Amino acid sequence: MLKPSKKCTLKKSENPKLEKQLYSWFLKQREHNLPISGEMIKQKALMIGKNLNIPTFTASEGWLHRFKSRHGVRFLKITGERLSSNPEVVDPFKQKFIQMMEEHSLNSNQIYNADETGLYWQLLPDKTYVSINEKTAPGMKTSKQRITFLGCANASGLHKLKPLIIGKSNAPRSFKNFKNPLIYRNTKKARMTGQIFKDWFFKNFVPEVKSFLRSMNLQQKAVLLLDNAPSHPSAEELKTADGMIFVMFLPPNVTPLLQPMDQNILRLTKLYYRNSLLSSIAASEESIATALKKITLRDAILHLSSAWDKLTPATIKKCWNVVMPNNDVSDNAADDPDDEVPLNILQQRWRNENVDMRSVCRKGYDFTA
């Protein structure tokens, strides 16, 4: 039988009533196989501390570690395939890419990349803390509420385009009287289509890029780097009438190796989104399952908009090093300190800076302001 680690030598809790309520809540959630993260435990503890009028309680990382030890709480994996890559074509493509930049006299402000990713917007973590009596971590039925998220930015990191979201509903009920900070489209399966991508290219990408280049006093000339997904129209279809804004396709099966969006940009956006979502759920007075069911697509879009805004120019710029090793531009972006720290430190720092997203969603905060 598993036993709490070093239970006999642990210092007793300074707030036993708080921990008793917290552990009772924890066990109830685990009875329903609901995943519990460290952040969720801390947020729930803060809420209980507030209800018990314990103003000095901070739910620090040290407290969380001691709480887990006192109660024998452990972290278990709940019971994506990387594309097969073709590394031998990487160097030839890099040479071709640099030649293209030189031929068209393009700099880092004029080089863009766009890519789509799926997001289950009511997602829960695939790892959870479990009680001392749980030997495995069986899962629960997961939500199938999925959207497609298209992110796009340039190599200097100075221009992040407004993201495109693809859902299933033509007019989601939660969108009533809602000023959407993102671009919303819909398809039957919430996936990208050639027509939606073509419309986005001409109605959103081209105008936004031209406006940015004008603000930088640059020639209105740019290239969009894409992978060869079936939903992406041909290069002939994706260029302006004057040929000044056009696309260039990556070779097959090199997305994990070369595509900037896949180097960290989309992953960090999802990380920021998930932390924001889980924090708002854990801070709720309701059970996790109930709070999760009340998350709407409107809430998800506000969380996602905030997550996209968190990406710094320096972080984006570094993700282009796989294609442009000497990606130096004369901008004001300093090296991103978050890019060099361990992921858990980055998560903690971001949580410390983050606002209460639950109240933000209730107030309908306009992220475009």
# chains A, B, ... in the order shown; residues from 1 in each chain; ligands from 1
>>> residues_around(residues="A:Arg185", least_positions_apart="3", cutoff="8 Å", atoms="only C-alpha atoms", output="PDB file with N, CA and C atoms, in the first residue's frame")
ATOM      1  N   LEU A 164      -7.602  33.716 -36.806  1.00  0.00           N
ATOM      2  CA  LEU A 164      -8.844  33.229 -37.393  1.00  0.00           C
ATOM      3  C   LEU A 164      -9.298  32.007 -36.611  1.00  0.00           C
ATOM      4  N   ILE A 165     -10.575  31.978 -36.227  1.00  0.00           N
ATOM      5  CA  ILE A 165     -11.173  30.855 -35.511  1.00  0.00           C
ATOM      6  C   ILE A 165     -12.257  30.241 -36.387  1.00  0.00           C
ATOM      7  N   ILE A 166     -12.268  28.903 -36.469  1.00  0.00           N
ATOM      8  CA  ILE A 166     -13.304  28.211 -37.235  1.00  0.00           C
ATOM      9  C   ILE A 166     -14.073  27.306 -36.287  1.00  0.00           C
ATOM     10  N   GLY A 167     -15.364  27.575 -36.132  1.00  0.00           N
ATOM     11  CA  GLY A 167     -16.237  26.754 -35.304  1.00  0.00           C
ATOM     12  C   GLY A 167     -17.278  26.058 -36.160  1.00  0.00           C
ATOM     13  N   ASN A 170     -22.960  28.650 -37.145  1.00  0.00           N
ATOM     14  CA  ASN A 170     -22.951  29.881 -37.941  1.00  0.00           C
ATOM     15  C   ASN A 170     -23.142  31.106 -37.055  1.00  0.00           C
ATOM     16  N   ILE A 196     -12.227  29.093 -47.290  1.00  0.00           N
ATOM     17  CA  ILE A 196     -12.038  29.947 -46.105  1.00  0.00           C
ATOM     18  C   ILE A 196     -10.615  30.502 -46.081  1.00  0.00           C
TER      19      ILE A 196
END
>>> residues_around(residues="A:Asn321", least_positions_apart="3", cutoff="12 Å", atoms="only C-alpha atoms", output="list in words")
Lys94, Ser108, Ala155, Ser156, Gly157, Leu257, Leu258, Gln259, Pro260, Met261, Gln263, Asn264, Ala314, Thr315, Ile316, Lys317, Lys318, Met324, Pro325, Asn326, Asn327 and Asp328 of chain A
>>> closest_residue(among="A:Ile281, A:Leu268, A:Leu22, A:Ile41", to="A:Gly151", atoms="only C-alpha atoms")
A:Leu268
>>> residues_around(residues="A:Ala229", least_positions_apart="2", cutoff="12 Å", atoms="only C-alpha atoms", output="list in words")
Ala114, Asp115, Glu116, Thr117, Met192, Thr193, Gly194, Phe197, Leu226, Asp227, Ser231, His232, Pro233, Ser234, Phe249, Leu250, Pro251, Pro252, Asn253, Val254 and Thr255 of chain A
>>> select_by_dssp(residues="stretch 71-313 of chain A", states="alpha helix (DSSP H)", output="count of residues only")
76
>>> atom_distance(atom1="atom CA of A:Lys176", atom2="atom CA of A:Leu150")
23.2 Å
>>> atom_distance(atom1="atom CA of A:Ser211", atom2="atom CA of A:Asn113")
17.2 Å
>>> atom_distance(atom1="atom CA of A:Lys42", atom2="atom CA of A:Tyr273")
17.9 Å
>>> residues_around(residues="A:Leu278", least_positions_apart="2", cutoff="8 Å", atoms="only C-alpha atoms", output="compact mmCIF listing (two decimals) with all heavy atoms, in the first residue's frame")
# COMPACT_ATOMS: atom_id res chain seq x y z
N GLU A 39 -2.33 23.88 -10.29
CA GLU A 39 -2.92 25.22 -10.31
C GLU A 39 -4.36 25.19 -9.84
O GLU A 39 -4.82 26.09 -9.12
CB GLU A 39 -2.84 25.80 -11.73
CG GLU A 39 -3.48 27.16 -11.90
CD GLU A 39 -2.81 28.24 -11.08
OE1 GLU A 39 -1.66 28.03 -10.65
OE2 GLU A 39 -3.44 29.30 -10.88
N MET A 40 -5.09 24.14 -10.18
CA MET A 40 -6.48 24.03 -9.75
C MET A 40 -6.57 23.85 -8.24
O MET A 40 -7.44 24.43 -7.58
CB MET A 40 -7.16 22.87 -10.49
CG MET A 40 -7.25 23.08 -11.99
SD MET A 40 -7.72 21.60 -12.90
CE MET A 40 -9.49 21.62 -12.65
N LEU A 124 -9.43 19.50 -20.53
CA LEU A 124 -8.87 19.34 -19.21
C LEU A 124 -7.49 18.71 -19.36
O LEU A 124 -7.22 18.08 -20.40
CB LEU A 124 -9.75 18.46 -18.33
CG LEU A 124 -11.05 19.10 -17.81
CD1 LEU A 124 -11.90 18.06 -17.10
CD2 LEU A 124 -10.75 20.26 -16.87
N ARG A 274 -4.74 27.24 -21.82
CA ARG A 274 -5.13 26.22 -20.85
C ARG A 274 -4.97 26.73 -19.43
O ARG A 274 -5.84 26.51 -18.58
CB ARG A 274 -4.28 24.96 -21.04
CG ARG A 274 -4.74 23.82 -20.14
CD ARG A 274 -3.91 22.58 -20.33
NE ARG A 274 -2.54 22.77 -19.84
CZ ARG A 274 -1.63 21.81 -19.82
NH1 ARG A 274 -1.91 20.61 -20.29
NH2 ARG A 274 -0.42 22.05 -19.37
N ASN A 275 -3.86 27.41 -19.13
CA ASN A 275 -3.67 27.94 -17.78
C ASN A 275 -4.77 28.93 -17.40
O ASN A 275 -5.27 28.94 -16.28
CB ASN A 275 -2.31 28.61 -17.66
CG ASN A 275 -1.18 27.61 -17.51
OD1 ASN A 275 -1.42 26.43 -17.31
ND2 ASN A 275 0.05 28.07 -17.64
N SER A 276 -5.14 29.77 -18.35
CA SER A 276 -6.20 30.74 -18.10
C SER A 276 -7.53 30.05 -17.86
O SER A 276 -8.27 30.37 -16.93
CB SER A 276 -6.30 31.70 -19.30
OG SER A 276 -7.36 32.61 -19.12
N SER A 280 -9.63 29.82 -14.14
CA SER A 280 -10.99 30.33 -13.99
C SER A 280 -11.92 29.25 -13.48
O SER A 280 -12.82 29.51 -12.67
CB SER A 280 -11.50 30.89 -15.32
OG SER A 280 -11.70 29.86 -16.26
N ILE A 281 -11.71 28.00 -13.90
CA ILE A 281 -12.56 26.90 -13.45
C ILE A 281 -12.30 26.59 -11.99
O ILE A 281 -13.23 26.41 -11.19
CB ILE A 281 -12.31 25.65 -14.32
CG1 ILE A 281 -12.86 25.87 -15.73
CG2 ILE A 281 -12.97 24.41 -13.70
CD1 ILE A 281 -12.49 24.78 -16.70
N ALA A 282 -11.04 26.51 -11.59
CA ALA A 282 -10.69 26.16 -10.22
C ALA A 282 -11.13 27.24 -9.23
O ALA A 282 -11.40 26.95 -8.06
CB ALA A 282 -9.19 25.92 -10.10
>>> residues_around(residues="A:Gln219", least_positions_apart="6", cutoff="10 Å", atoms="only C-alpha atoms", output="list in words")
Ser105, Leu106, Gln110, Lys210, Leu213 and Met244 of chain A
